[in-house]
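Below is entry-v2.txt, which holds compact mmCIF, C-alpha atoms.
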```txt
# COMPACT_ATOMS: atom_id res chain seq x y z
CA MET A 28 29.90 20.12 14.12
CA SER A 29 28.87 23.13 12.01
CA ASN A 30 27.23 26.22 13.53
CA THR A 31 24.03 25.72 11.54
CA ARG A 32 23.66 22.19 12.92
CA LEU A 33 24.34 23.36 16.49
CA ILE A 34 21.72 26.11 16.16
CA PHE A 35 19.21 23.61 14.71
CA LEU A 36 19.86 21.17 17.58
CA ALA A 37 19.51 23.96 20.16
CA VAL A 38 16.23 25.18 18.63
CA ALA A 39 14.94 21.59 18.46
CA ALA A 40 15.84 21.06 22.15
CA VAL A 41 14.06 24.28 23.20
CA ILE A 42 10.92 23.49 21.17
CA SER A 43 10.90 19.91 22.48
CA LEU A 44 10.98 21.19 26.07
CA LEU A 45 8.18 23.62 25.19
CA TYR A 46 6.27 20.67 23.69
CA VAL A 47 6.59 18.75 26.97
CA TYR A 48 5.57 21.82 29.02
CA MET A 49 2.55 22.60 26.82
CA THR A 50 1.38 18.99 26.67
CA TRP A 51 1.55 18.27 30.40
CA ILE A 52 1.12 21.68 32.09
CA PHE A 53 -0.16 24.41 29.76
CA SER A 54 -2.89 22.43 27.98
CA PRO A 55 -6.11 22.29 30.05
CA PRO A 56 -8.05 19.00 30.54
CA ASP A 57 -10.78 18.36 27.98
CA ALA A 58 -14.45 18.76 28.99
CA ILE A 59 -15.25 15.14 27.99
CA LEU A 60 -11.94 13.27 27.91
CA GLY A 61 -10.35 15.01 30.90
CA GLU A 62 -6.60 14.41 31.32
CA ASN A 63 -6.65 11.81 28.55
CA VAL A 64 -6.63 14.62 25.99
CA ARG A 65 -2.83 14.81 26.51
CA ILE A 66 -2.47 11.53 24.57
CA PHE A 67 -3.91 13.37 21.55
CA PHE A 68 -0.70 15.43 21.06
CA GLN A 69 1.50 12.29 21.14
CA HIS A 70 -0.84 10.75 18.56
CA ILE A 71 -1.55 13.36 15.87
CA ALA A 72 1.97 14.80 15.50
CA PRO A 73 3.75 11.42 14.97
CA ALA A 74 0.97 10.36 12.58
CA LEU A 75 1.39 13.40 10.33
CA VAL A 76 5.20 13.12 10.52
CA ALA A 77 4.95 9.43 9.52
CA TYR A 78 2.88 10.41 6.46
CA GLY A 79 5.53 13.01 5.66
CA LEU A 80 8.32 10.42 5.93
CA PHE A 81 6.50 8.01 3.60
CA GLY A 82 6.04 10.97 1.25
CA GLY A 83 9.81 11.45 1.55
CA THR A 84 10.29 7.84 0.40
CA LEU A 85 8.18 8.61 -2.68
CA LEU A 86 10.18 11.77 -3.45
CA CYS A 87 13.53 10.00 -2.90
CA GLY A 88 12.35 7.18 -5.20
CA VAL A 89 11.57 9.66 -7.96
CA MET A 90 14.89 11.48 -7.39
CA TYR A 91 16.90 8.23 -7.45
CA LEU A 92 15.28 7.10 -10.70
CA TRP A 93 15.87 10.54 -12.18
CA LYS A 94 19.42 11.25 -10.97
CA GLY A 95 20.73 7.75 -10.20
CA ASP A 96 22.45 9.03 -7.03
CA LEU A 97 22.62 6.37 -4.29
CA LYS A 98 22.18 8.95 -1.53
CA TYR A 99 18.50 9.31 -2.47
CA ASP A 100 18.03 5.57 -2.06
CA ILE A 101 19.68 5.66 1.37
CA ILE A 102 17.48 8.59 2.48
CA GLY A 103 14.41 6.80 1.05
CA ALA A 104 15.19 3.64 3.05
CA VAL A 105 15.86 5.71 6.20
CA SER A 106 12.49 7.44 5.70
CA ILE A 107 10.77 4.04 5.63
CA LYS A 108 12.47 2.91 8.86
CA LEU A 109 11.64 6.14 10.70
CA GLY A 110 8.16 6.25 9.16
CA LEU A 111 7.60 2.80 10.66
CA LEU A 112 8.86 4.03 14.04
CA PHE A 113 6.48 7.01 14.02
CA THR A 114 3.60 4.84 12.77
CA THR A 115 4.29 2.49 15.70
CA ILE A 116 4.11 5.45 18.12
CA THR A 117 0.87 6.53 16.40
CA LEU A 118 -0.66 3.07 16.74
CA LEU A 119 0.36 2.67 20.39
CA SER A 120 -0.77 6.16 21.44
CA GLY A 121 -3.94 5.60 19.40
CA MET A 122 -4.63 2.42 21.35
CA LEU A 123 -4.21 4.30 24.66
CA TRP A 124 -6.54 7.02 23.36
CA ALA A 125 -9.10 4.46 22.09
CA ASN A 126 -9.08 2.68 25.43
CA ALA A 127 -9.79 5.96 27.22
CA ALA A 128 -12.36 7.28 24.74
CA TRP A 129 -14.12 4.16 23.46
CA HIS A 130 -13.27 1.65 26.24
CA SER A 131 -11.41 -0.74 23.92
CA PRO A 132 -7.81 -0.41 22.64
CA TRP A 133 -8.70 -1.71 19.17
CA ASN A 134 -12.02 -1.09 17.42
CA TRP A 135 -11.29 -1.93 13.74
CA ASP A 136 -12.05 1.68 12.95
CA PRO A 137 -11.17 2.54 9.28
CA ARG A 138 -8.33 4.86 10.36
CA GLU A 139 -6.94 2.28 12.80
CA THR A 140 -7.15 -0.48 10.22
CA THR A 141 -5.63 1.51 7.34
CA THR A 142 -2.80 2.71 9.63
CA LEU A 143 -2.01 -0.88 10.60
CA ILE A 144 -2.07 -1.85 6.90
CA LEU A 145 0.26 1.09 6.21
CA TRP A 146 2.69 -0.20 8.84
CA ILE A 147 2.62 -3.71 7.34
CA ALA A 148 2.95 -2.32 3.78
CA TYR A 149 6.11 -0.35 4.52
CA ALA A 150 7.53 -3.20 6.61
CA CYS A 151 7.02 -5.35 3.48
CA ILE A 152 9.11 -2.85 1.49
CA LEU A 153 11.93 -3.22 4.02
CA ALA A 154 11.69 -7.03 3.85
CA TYR A 155 11.69 -6.84 0.05
CA ARG A 156 14.76 -4.60 0.01
CA ALA A 157 16.59 -7.07 2.27
CA SER A 158 15.85 -9.88 -0.23
CA VAL A 159 17.65 -8.11 -3.11
CA THR A 160 21.41 -8.55 -2.74
CA ASP A 161 22.54 -6.58 -5.80
CA ARG A 162 22.96 -3.01 -4.52
CA GLU A 163 21.99 -1.22 -7.74
CA ALA A 164 18.95 -3.45 -8.28
CA ARG A 165 17.89 -2.90 -4.65
CA ALA A 166 18.04 0.86 -5.12
CA GLN A 167 16.27 0.80 -8.49
CA PHE A 168 13.49 -1.65 -7.66
CA GLY A 169 13.16 -0.38 -4.07
CA SER A 170 12.57 3.12 -5.47
CA ILE A 171 9.84 1.86 -7.81
CA PHE A 172 8.22 -0.02 -4.90
CA GLY A 173 8.32 3.11 -2.72
CA ILE A 174 6.51 5.02 -5.47
CA VAL A 175 3.75 2.49 -6.25
CA ALA A 176 3.03 1.84 -2.53
CA PHE A 177 2.21 5.51 -1.86
CA PRO A 178 -1.56 5.36 -2.69
CA MET A 179 -1.94 3.41 0.59
CA VAL A 180 -0.76 6.52 2.49
CA LEU A 181 -3.40 8.63 0.74
CA LEU A 182 -6.11 6.06 1.52
CA SER A 183 -5.08 5.97 5.19
CA TYR A 184 -5.15 9.78 5.39
CA LEU A 185 -8.53 10.04 3.62
CA SER A 186 -10.11 7.06 5.42
CA ILE A 187 -11.87 9.21 8.05
CA ARG A 188 -13.43 11.26 5.26
CA ILE A 189 -14.51 8.26 3.17
CA TRP A 190 -15.89 5.96 5.86
CA ASN A 191 -18.08 6.41 8.89
CA THR A 192 -15.50 6.45 11.68
CA LEU A 193 -15.04 6.85 15.42
CA HIS A 194 -12.18 9.28 14.74
CA PRO A 195 -13.18 12.93 15.17
CA ILE A 196 -12.30 15.23 12.23
CA VAL A 197 -10.45 18.04 13.99
CA ILE A 198 -9.00 19.72 10.90
CA ASP A 199 -11.15 20.42 7.82
CA GLU A 200 -11.88 23.16 5.27
CA SER A 201 -13.55 25.34 7.92
CA GLY A 202 -10.47 25.23 10.20
CA PHE A 203 -9.50 23.64 13.54
CA HIS A 204 -12.27 22.23 15.75
CA MET A 205 -10.57 22.49 19.14
CA GLY A 206 -9.81 24.96 21.92
CA ILE A 207 -7.13 27.60 21.36
CA GLU A 208 -4.78 26.07 23.99
CA HIS A 209 -5.10 22.62 22.43
CA MET A 210 -4.55 24.08 18.97
CA MET A 211 -1.38 25.91 20.11
CA THR A 212 -0.08 22.74 21.80
CA LEU A 213 -0.72 20.70 18.66
CA PHE A 214 1.09 23.30 16.58
CA VAL A 215 4.17 23.18 18.86
CA ALA A 216 3.97 19.35 18.95
CA MET A 217 4.03 19.28 15.13
CA ILE A 218 7.12 21.50 14.96
CA ALA A 219 8.94 19.57 17.72
CA VAL A 220 8.22 16.10 16.29
CA THR A 221 9.12 17.25 12.76
CA MET A 222 12.47 18.63 13.99
CA ILE A 223 13.18 15.44 15.98
CA ALA A 224 12.34 13.39 12.85
CA LEU A 225 14.68 15.52 10.70
CA ILE A 226 17.54 15.07 13.20
CA MET A 227 16.90 11.30 13.24
CA VAL A 228 16.84 11.18 9.41
CA GLU A 229 20.21 12.93 9.27
CA LEU A 230 21.76 10.67 11.91
CA ALA A 231 20.41 7.48 10.34
CA TYR A 232 21.54 8.69 6.91
CA LYS A 233 25.09 9.15 8.22
CA VAL A 234 25.12 5.70 9.84
CA ASP A 235 23.74 4.00 6.71
CA SER A 236 26.13 5.90 4.40
CA ALA A 237 29.08 4.82 6.56
CA TYR A 238 27.79 1.24 6.44
CA GLU A 239 27.53 1.45 2.63
CA LYS A 240 31.14 2.66 2.41
CA LEU A 241 32.28 -0.13 4.73
CA MET A 242 30.51 -2.73 2.61
CA ARG A 243 32.11 -1.32 -0.55
CA ILE A 244 35.58 -1.50 1.03
CA ARG A 245 34.92 -5.10 2.13
CA MET A 246 33.72 -6.01 -1.38
CA SER A 247 36.78 -4.45 -3.04
CA ARG A 248 39.14 -6.35 -0.68
CA SER A 249 37.46 -9.74 -1.04
CA MET B 9 1.07 5.50 -29.05
CA THR B 10 -0.69 3.29 -31.62
CA SER B 11 2.40 1.09 -32.08
CA GLY B 12 2.72 0.87 -28.28
CA LEU B 13 -0.88 -0.28 -27.88
CA GLY B 14 -0.43 -2.69 -30.79
CA ALA B 15 2.67 -4.13 -29.11
CA ALA B 16 0.79 -4.40 -25.80
CA LEU B 17 -2.03 -6.31 -27.48
CA ALA B 18 0.48 -8.57 -29.26
CA ILE B 19 2.22 -9.39 -25.94
CA ALA B 20 -1.14 -10.06 -24.28
CA LYS B 21 -2.23 -12.25 -27.22
CA LYS B 22 1.02 -14.25 -27.04
CA ASP B 23 0.57 -14.88 -23.30
CA ILE B 24 -3.11 -15.79 -23.67
CA ILE B 25 -2.34 -18.29 -26.47
CA ILE B 26 0.42 -19.87 -24.32
CA GLN B 27 -2.01 -20.00 -21.41
CA LEU B 28 -4.75 -21.61 -23.51
CA ARG B 29 -2.27 -24.27 -24.62
CA LYS B 30 -1.13 -24.97 -21.05
CA LYS B 31 -4.60 -24.67 -19.45
CA PHE B 32 -3.39 -25.90 -16.05
CA GLU B 33 -2.65 -22.44 -14.63
CA ALA B 34 -6.22 -21.10 -14.91
CA PHE B 35 -7.61 -24.45 -13.77
CA SER B 36 -5.25 -24.54 -10.77
CA MET B 37 -6.34 -21.03 -9.81
CA PHE B 38 -9.98 -22.10 -10.02
CA LEU B 39 -9.32 -25.15 -7.84
CA PHE B 40 -7.40 -23.04 -5.33
CA ALA B 41 -10.40 -20.70 -5.11
CA LEU B 42 -12.73 -23.61 -4.43
CA ILE B 43 -10.40 -24.94 -1.73
CA ALA B 44 -10.35 -21.46 -0.18
CA VAL B 45 -14.18 -21.36 -0.24
CA LEU B 46 -14.24 -24.64 1.67
CA ALA B 47 -11.58 -23.54 4.14
CA TYR B 48 -13.43 -20.29 4.87
CA SER B 49 -16.73 -22.13 5.19
CA PHE B 50 -15.31 -24.16 8.12
CA ALA B 51 -14.67 -20.90 9.96
CA LEU B 52 -17.64 -18.84 8.84
CA VAL B 53 -20.69 -21.07 8.44
CA SER B 54 -23.03 -20.72 11.38
CA GLN B 55 -26.33 -22.62 11.47
CA GLY B 56 -26.05 -23.55 7.80
CA SER B 57 -25.37 -20.09 6.35
CA ILE B 58 -22.90 -17.23 6.11
CA PRO B 59 -24.00 -13.58 6.58
CA ALA B 60 -24.35 -11.96 3.11
CA ASP B 61 -21.91 -9.13 3.89
CA VAL B 62 -19.23 -11.58 5.09
CA GLY B 63 -19.76 -13.88 2.07
CA SER B 64 -19.50 -11.04 -0.46
CA ALA B 65 -16.36 -9.74 1.26
CA MET B 66 -14.82 -13.22 1.11
CA LEU B 67 -15.31 -13.21 -2.68
CA TRP B 68 -12.70 -10.47 -3.06
CA VAL B 69 -10.43 -11.96 -0.43
CA ILE B 70 -10.40 -15.22 -2.44
CA ILE B 71 -9.82 -13.36 -5.75
CA PHE B 72 -7.02 -11.39 -4.03
CA PHE B 73 -5.24 -14.57 -2.92
CA MET B 74 -5.96 -16.28 -6.24
CA GLY B 75 -4.13 -13.36 -7.89
CA MET B 76 -0.92 -14.52 -6.21
CA PHE B 77 -1.06 -17.68 -8.33
CA GLY B 78 -1.98 -15.81 -11.51
CA PHE B 79 0.26 -12.76 -11.34
CA ALA B 80 3.45 -14.15 -9.76
CA PRO B 81 4.54 -16.09 -12.89
CA ILE B 82 3.83 -13.21 -15.31
CA PHE B 83 7.47 -12.12 -15.55
CA LEU B 84 8.99 -15.18 -13.89
CA SER B 85 7.99 -17.32 -16.88
CA GLU B 86 9.62 -14.79 -19.25
CA SER B 87 12.76 -14.94 -17.11
CA GLU B 88 12.80 -18.77 -17.06
CA THR B 89 12.35 -19.09 -20.83
CA GLY B 90 15.00 -16.43 -21.45
CA THR B 91 12.61 -14.09 -23.27
CA LEU B 92 12.75 -11.27 -20.70
CA ARG B 93 15.86 -9.75 -22.31
CA GLY B 94 14.08 -9.93 -25.63
CA LEU B 95 11.17 -7.93 -24.22
CA ALA B 96 13.59 -5.43 -22.64
CA THR B 97 15.50 -4.86 -25.90
CA ALA B 98 12.51 -4.99 -28.28
CA PRO B 99 11.94 -1.70 -30.17
CA ILE B 100 8.73 -0.97 -28.29
CA PRO B 101 8.05 1.35 -25.35
CA ALA B 102 8.50 -0.29 -21.93
CA TRP B 103 4.97 0.72 -20.89
CA ALA B 104 3.64 -1.42 -23.78
CA VAL B 105 5.21 -4.51 -22.14
CA TYR B 106 3.57 -3.57 -18.85
CA VAL B 107 0.16 -2.86 -20.38
CA GLY B 108 0.36 -6.14 -22.33
CA LYS B 109 0.97 -8.04 -19.11
CA VAL B 110 -1.89 -6.19 -17.37
CA ILE B 111 -4.26 -7.18 -20.18
CA TYR B 112 -3.07 -10.79 -19.97
CA GLY B 113 -3.50 -10.84 -16.17
CA PHE B 114 -6.99 -9.35 -16.55
CA VAL B 115 -8.04 -11.97 -19.13
CA LEU B 116 -6.59 -14.82 -17.04
CA MET B 117 -8.39 -13.69 -13.89
CA GLY B 118 -11.53 -12.90 -15.91
CA ILE B 119 -11.70 -16.45 -17.30
CA VAL B 120 -11.60 -17.87 -13.77
CA GLU B 121 -14.00 -15.27 -12.34
CA VAL B 122 -16.69 -16.05 -14.94
CA PHE B 123 -17.06 -19.47 -13.30
CA LEU B 124 -16.03 -18.54 -9.77
CA VAL B 125 -18.29 -15.56 -9.00
CA PRO B 126 -21.63 -17.38 -9.57
CA ILE B 127 -20.39 -20.44 -7.66
CA ILE B 128 -19.25 -18.37 -4.66
CA SER B 129 -22.46 -16.31 -4.63
CA ILE B 130 -24.53 -19.52 -4.55
CA LEU B 131 -22.37 -21.28 -1.92
CA PHE B 132 -22.05 -18.20 0.33
CA GLY B 133 -25.69 -17.27 -0.22
CA PHE B 134 -25.59 -13.68 -1.50
CA SER B 135 -26.90 -12.09 -4.67
CA PHE B 136 -25.62 -9.44 -7.07
CA LEU B 137 -29.05 -9.07 -8.69
CA ASN B 138 -29.62 -5.74 -6.88
CA ASP B 139 -27.41 -3.94 -9.37
CA ILE B 140 -26.02 -6.07 -12.21
CA PRO B 141 -24.44 -3.23 -14.29
CA LEU B 142 -22.54 -1.90 -11.26
CA THR B 143 -21.51 -5.45 -10.28
CA VAL B 144 -20.04 -6.00 -13.76
CA ALA B 145 -18.31 -2.59 -13.64
CA VAL B 146 -16.83 -3.35 -10.20
CA LEU B 147 -15.65 -6.79 -11.30
CA VAL B 148 -14.00 -5.32 -14.41
CA VAL B 149 -12.37 -2.35 -12.64
CA GLY B 150 -11.43 -4.44 -9.60
CA THR B 151 -9.83 -7.20 -11.65
CA LEU B 152 -7.98 -4.62 -13.77
CA ASP B 153 -6.76 -2.93 -10.57
CA LEU B 154 -5.46 -6.20 -9.12
CA SER B 155 -3.90 -7.06 -12.49
CA ALA B 156 -2.17 -3.65 -12.68
CA VAL B 157 -0.73 -4.17 -9.21
CA GLY B 158 0.06 -7.87 -9.70
CA SER B 159 1.94 -7.31 -12.97
CA MET B 160 4.07 -4.61 -11.37
CA ALA B 161 4.70 -6.85 -8.33
CA SER B 162 5.77 -9.68 -10.63
CA ALA B 163 8.33 -7.39 -12.32
CA LEU B 164 9.58 -6.08 -8.97
CA VAL B 165 10.42 -9.53 -7.60
CA MET B 166 12.75 -10.30 -10.53
CA PRO B 167 16.00 -9.22 -8.81
CA SER B 168 15.01 -10.82 -5.47
CA GLU B 169 16.82 -13.87 -4.09
CA ALA B 170 13.57 -15.51 -2.93
CA LYS B 171 11.02 -14.63 -5.61
CA ALA B 172 8.20 -16.92 -4.46
CA THR B 173 8.49 -15.79 -0.83
CA VAL B 174 8.81 -12.12 -1.65
CA PHE B 175 5.95 -11.87 -4.19
CA PRO B 176 3.20 -11.64 -1.53
CA LEU B 177 5.24 -8.97 0.27
CA VAL B 178 5.23 -6.85 -2.88
CA TYR B 179 1.67 -7.67 -3.97
CA PHE B 180 0.05 -7.12 -0.57
CA PRO B 181 1.04 -3.48 0.12
CA THR B 182 0.13 -2.29 -3.35
CA ALA B 183 -3.11 -4.28 -3.73
CA THR B 184 -4.62 -3.76 -0.27
CA SER B 185 -5.87 -0.22 -0.85
CA GLY B 186 -7.89 -1.44 -3.86
CA LEU B 187 -9.06 -4.53 -1.98
CA ILE B 188 -10.57 -2.47 0.88
CA LEU B 189 -12.60 -0.42 -1.61
CA LEU B 190 -13.72 -3.52 -3.56
CA ILE B 191 -14.97 -5.24 -0.41
CA GLU B 192 -16.81 -2.12 0.70
CA ILE B 193 -18.50 -1.57 -2.69
CA THR B 194 -19.50 -5.23 -3.02
CA LYS B 195 -21.03 -5.20 0.47
CA ILE B 196 -23.15 -2.18 -0.47
CA ILE B 197 -24.30 -3.86 -3.73
CA VAL B 198 -25.34 -6.99 -1.83
CA LEU B 199 -26.88 -5.34 1.26
CA GLY B 200 -28.26 -2.16 -0.31
CA PRO B 201 -27.33 1.52 0.23
CA GLY B 202 -25.19 2.28 3.27
CA VAL B 203 -23.90 5.41 4.97
CA VAL B 204 -21.13 5.95 2.41
CA PRO B 205 -22.34 6.72 -1.15
CA ILE B 206 -21.42 3.79 -3.40
CA MET B 207 -20.48 6.02 -6.34
CA LEU B 208 -17.93 7.90 -4.19
CA LEU B 209 -16.22 4.57 -3.39
CA PHE B 210 -16.38 3.51 -7.06
CA GLU B 211 -14.82 6.81 -8.15
CA ILE B 212 -12.00 6.35 -5.58
CA LEU B 213 -11.48 2.80 -6.89
CA LEU B 214 -11.32 4.15 -10.45
CA ALA B 215 -8.85 6.83 -9.33
CA HIS B 216 -6.77 4.11 -7.63
CA LEU B 217 -6.71 2.07 -10.86
CA ILE B 218 -5.68 5.11 -12.93
CA ALA B 219 -2.99 6.05 -10.37
CA MET B 220 -1.57 2.50 -10.29
CA LEU B 221 -1.56 2.20 -14.10
CA THR B 222 0.00 5.63 -14.61
CA LEU B 223 2.61 5.28 -11.84
CA SER B 224 3.59 1.76 -12.88
CA ALA B 225 3.67 2.45 -16.63
CA SER B 226 5.76 5.60 -16.16
CA VAL B 227 8.48 3.85 -14.10
CA PHE B 228 8.32 0.46 -15.82
CA HIS B 229 11.32 1.08 -18.09
CA PHE B 230 13.47 1.13 -14.93
CA ALA B 231 12.12 -2.33 -14.01
CA LEU B 232 13.07 -3.69 -17.45
CA SER B 233 16.64 -2.34 -17.37
CA PRO B 234 18.29 -3.39 -14.10
```
Structure translated into structure tokens:
Amino acid sequence: MSNTRLIFLAVAAVISLLYVYMTWIFSPPDAILGENVRIFFQHIAPALVAYGLFGGTLLCGVMYLWKGDLKYDIIGAVSIKLGLLFTTITLLSGMLWANAAWHSPWNWDPRETTTLILWIAYACILAYRASVTDREARAQFGSIFGIVAFPMVLLSYLSIRIWNTLHPIVIDESGFHMGIEHMMTLFVAMIAVTMIALIMVELAYKVDSAYEKLMRIRMSRS
Amino acid sequence: MTSGLGAALAIAKKDIIIQLRKKFEAFSMFLFALIAVLAYSFALVSQGSIPADVGSAMLWVIIFFMGMFGFAPIFLSESETGTLRGLATAPIPAWAVYVGKVIYGFVLMGIVEVFLVPIISILFGFSFLNDIPLTVAVLVVGTLDLSAVGSMASALVMPSEAKATVFPLVYFPTATSGLILLIEITKIIVLGPGVVPIMLLFEILLAHLIAMLTLSASVFHFALSP
């Protein structure tokens, strides 16, 4: 393991511990939501990281079509899988939050609905990729699909600004609408979850690359 | 650019002529829509009527599902008749093939919608008379949006092992964002002004159409050369 990777892992571990400390000890209870405010940090950070991962799929799609290098396709597919994982965390933590704040885990709020659609949309891309057996075609057409599906991410992100929604807008042009302790905790949560996501992308990329090589060896022997 | 648009119109004209000779595809889509109206009515009719906002929303849901019948065969038929390679190697830009198919999909859906929209509005008991110009604009932009997405989805399923099964999986994710906006705008037309300004939603729908057309047309040559 290289030094750079070790340092990155060590920093990620320290920031993750800080994230846990700030979420559960440092951050004060909210005036209205009380202790339930702690769910907020497990909700916003994975949501933004999931958007970033789906953005990564778009970028990798463009790069694959431009360069034709299979590694971009593998990273793009990994981004979808991890984006789905983080969207699942977002949906589940959102349901806990909704139950505490609005007394029902699911309210068909525009943000809830568009996030669920986003989850289904990217799951469809995975199912589609599995249905294409030719490796080159899967990479080429999967990249195109990853590009044309991206407007759904934008619509999900903008949904609370377009529609009347239960979701509070905590970040807008005028800045952050929350207490300084909550803002600091959210900031640390964002860094920690992003670093965890990057580590997972690298690990999953290595596993999938090894699997690709194995498949190629099997194909050449058969 | 001019030759590309000319080629796109020629491709659309060819497909429309073939469709007019066959006839059954548009008619089957129309019948499917009527069956869907009946099926939804079993679930939605309460005391002899359906709420106007629900009925108007169902219009786009039915058009959305009808699109699966109309758009899925767009490239499949070219593949079955062996003309797909001809389109791929023709001395025309790839985006012209895509735009031609979008125009064809739009005309095909438009033919069905001319009959379907009045029938559904009568059966589901809602009226577009509040704003006819905006209704026409929404129907045109909405159908074009679904056609842009459906044509791309049809091309994307070409390398798949299970084309018929996979088409909805490709069509759904790309069409849903437009569908949400279409339902919302149509509800506002039928019920009157709501909290969200209707023109904002229409502008987002227009932006979605432009984004889908631009994204799809710019990467379409990759879909034609697997």
Subject >> Test item: residues at most 12 Å from Phe214 of chain A, only C-alpha atoms, excluding those fewer than 6 positions along its chain, as JSON, numbers by chain >> reply: {"A": [42, 43, 45, 46, 49, 50, 68, 69, 71, 72, 75, 203, 205, 207, 208, 220, 221]}
**OP:** Find the residues of chain B in contact range of chain A, meaning any atom within 6 Å when counting all atoms listed in the file, and list them as a list of chain:residue names.
**Re:** B:Ser168, B:Glu169, B:Leu177, B:Pro181, B:Thr182, B:Ser185, B:Pro234
**OP:** One decimal, Å: what's the distance from atom CA of Gly63 of chain B over to atom CA of Gly200 of chain B, could you say?
**Re:** 14.7 Å
Subject >> Length of the atom CA of Gly12 of chain B to atom CA of Tyr106 of chain B vector [Å] >> reply: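 Taking atom CA of Gly12 of chain B and atom CA of Tyr106 of chain B, their separation equals 10.5 Å.
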Original post:
At what distance in Å, to one decimal, does atom CA of Leu209 of chain B lie from atom CA of Phe79 of chain B?
Top reply: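 Straight-line distance from atom CA of Phe79 of chain B to atom CA of Leu209 of chain B works out to 25.2 Å.
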Subject >> Contact residues around Ala215 of chain B with all atoms listed in the file at 12 Å, ignoring same-chain residues under 2 positions, as a list in words >> reply: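 Residues meeting the cut-off are Pro178, Leu181 and Leu182 of chain A; Val149, Gly150, Asp153, Ser185, Gly186, Leu189, Leu208, Leu209, Phe210, Glu211, Ile212, Leu213, Leu217, Ile218, Ala219, Met220, Leu221, Thr222 and Leu223 of chain B.
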Original post:
So, counting all atoms listed in the file, which residue among B:Met74, B:Leu147, B:Val204, B:Ala47 is closest to Val125 of chain B?
Top reply: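 Residue with the minimum atom-to-atom distance to Val125 of chain B: B:Leu147.
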With 8 Å as the threshold, what does the neighbourhood of (-6.5, 6.1, 11.2) contain in terms of residues, counting all atoms listed in the file? Coordinates are those of the file; answer as an mmCIF file with C-alpha atoms, keeping the file's coordinate frame.
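Final file, selection39.cif:
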```
data_model
loop_
_atom_site.group_PDB
_atom_site.id
_atom_site.type_symbol
_atom_site.label_atom_id
_atom_site.label_comp_id
_atom_site.auth_asym_id
_atom_site.auth_seq_id
_atom_site.Cartn_x
_atom_site.Cartn_y
_atom_site.Cartn_z
ATOM 1 C CA ASP A 136 -12.050 1.680 12.950
ATOM 2 C CA PRO A 137 -11.170 2.540 9.280
ATOM 3 C CA ARG A 138 -8.330 4.860 10.360
ATOM 4 C CA GLU A 139 -6.940 2.280 12.800
ATOM 5 C CA THR A 140 -7.150 -0.480 10.220
ATOM 6 C CA THR A 141 -5.630 1.510 7.340
ATOM 7 C CA THR A 142 -2.800 2.710 9.630
ATOM 8 C CA SER A 183 -5.080 5.970 5.190
ATOM 9 C CA TYR A 184 -5.150 9.780 5.390
ATOM 10 C CA SER A 186 -10.110 7.060 5.420
ATOM 11 C CA ILE A 187 -11.870 9.210 8.050
ATOM 12 C CA HIS A 194 -12.180 9.280 14.740
#
```
Original post:
Which residue gives the smallest distance to Asp57 of chain A among A:Met227, A:Leu185, A:Ala128, A:Leu143, with only C-alpha atoms counted?
Top reply: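 Of the candidates, the smallest distance to Asp57 of chain A is held by A:Ala128.
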Original post:
Mind listing as a PyMOL selection string all residues within 6 Å of (-14.7, -13.2, -8.7), counting all atoms listed in the file?
Top reply: chain B and resi 71+121+124-125
**OP:** Give me the residues within 7 Å of segment 163-165 of chain B as an MDAnalysis selection string, counting all atoms listed in the file and dropping any in the same chain fewer than 3 places off.
**Re:** (chainID A and resid 168) or (chainID B and resid 83 159:160 168 171 174:175 231)
If you keep C-alpha atoms, can you produce a file of those selected residues as a PDB file, keeping the file's coordinate frame?
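Below is the file result36.pdb, written as the result:
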```pdb
ATOM      1  CA  PHE A 168      13.490  -1.650  -7.660  1.00  0.00           C
TER       2      PHE A 168
ATOM      3  CA  PHE B  83       7.470 -12.120 -15.550  1.00  0.00           C
ATOM      4  CA  SER B 159       1.940  -7.310 -12.970  1.00  0.00           C
ATOM      5  CA  MET B 160       4.070  -4.610 -11.370  1.00  0.00           C
ATOM      6  CA  SER B 168      15.010 -10.820  -5.470  1.00  0.00           C
ATOM      7  CA  LYS B 171      11.020 -14.630  -5.610  1.00  0.00           C
ATOM      8  CA  VAL B 174       8.810 -12.120  -1.650  1.00  0.00           C
ATOM      9  CA  PHE B 175       5.950 -11.870  -4.190  1.00  0.00           C
ATOM     10  CA  ALA B 231      12.120  -2.330 -14.010  1.00  0.00           C
TER      11      ALA B 231
END
```
Original post:
When distances are computed from only C-alpha atoms, which of A:Leu97, A:Ala224, A:Ile66, A:Val38 shows the smallest separation from Leu111 of chain A?
Top reply: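 Among the listed residues, A:Ala224 lies closest to Leu111 of chain A.
Between Phe38 of chain B and the residues B:Ala16, B:Trp68, B:Thr89, B:Gly75, the shortest atom-to-atom distance, using all atoms listed in the file, involves B:Gly75.
For the choices A:Arg243, A:Trp129, A:Leu109, A:Ser120, the atom-to-atom distance to Gly82 of chain A is smallest for A:Leu109 when using all atoms listed in the file.
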Original post:
Taking into account all atoms listed in the file, which residue in the set B:Glu192, B:Lys109, B:Ser233, B:Leu142 is nearest to Lys22 of chain B?
Top reply: B:Lys109
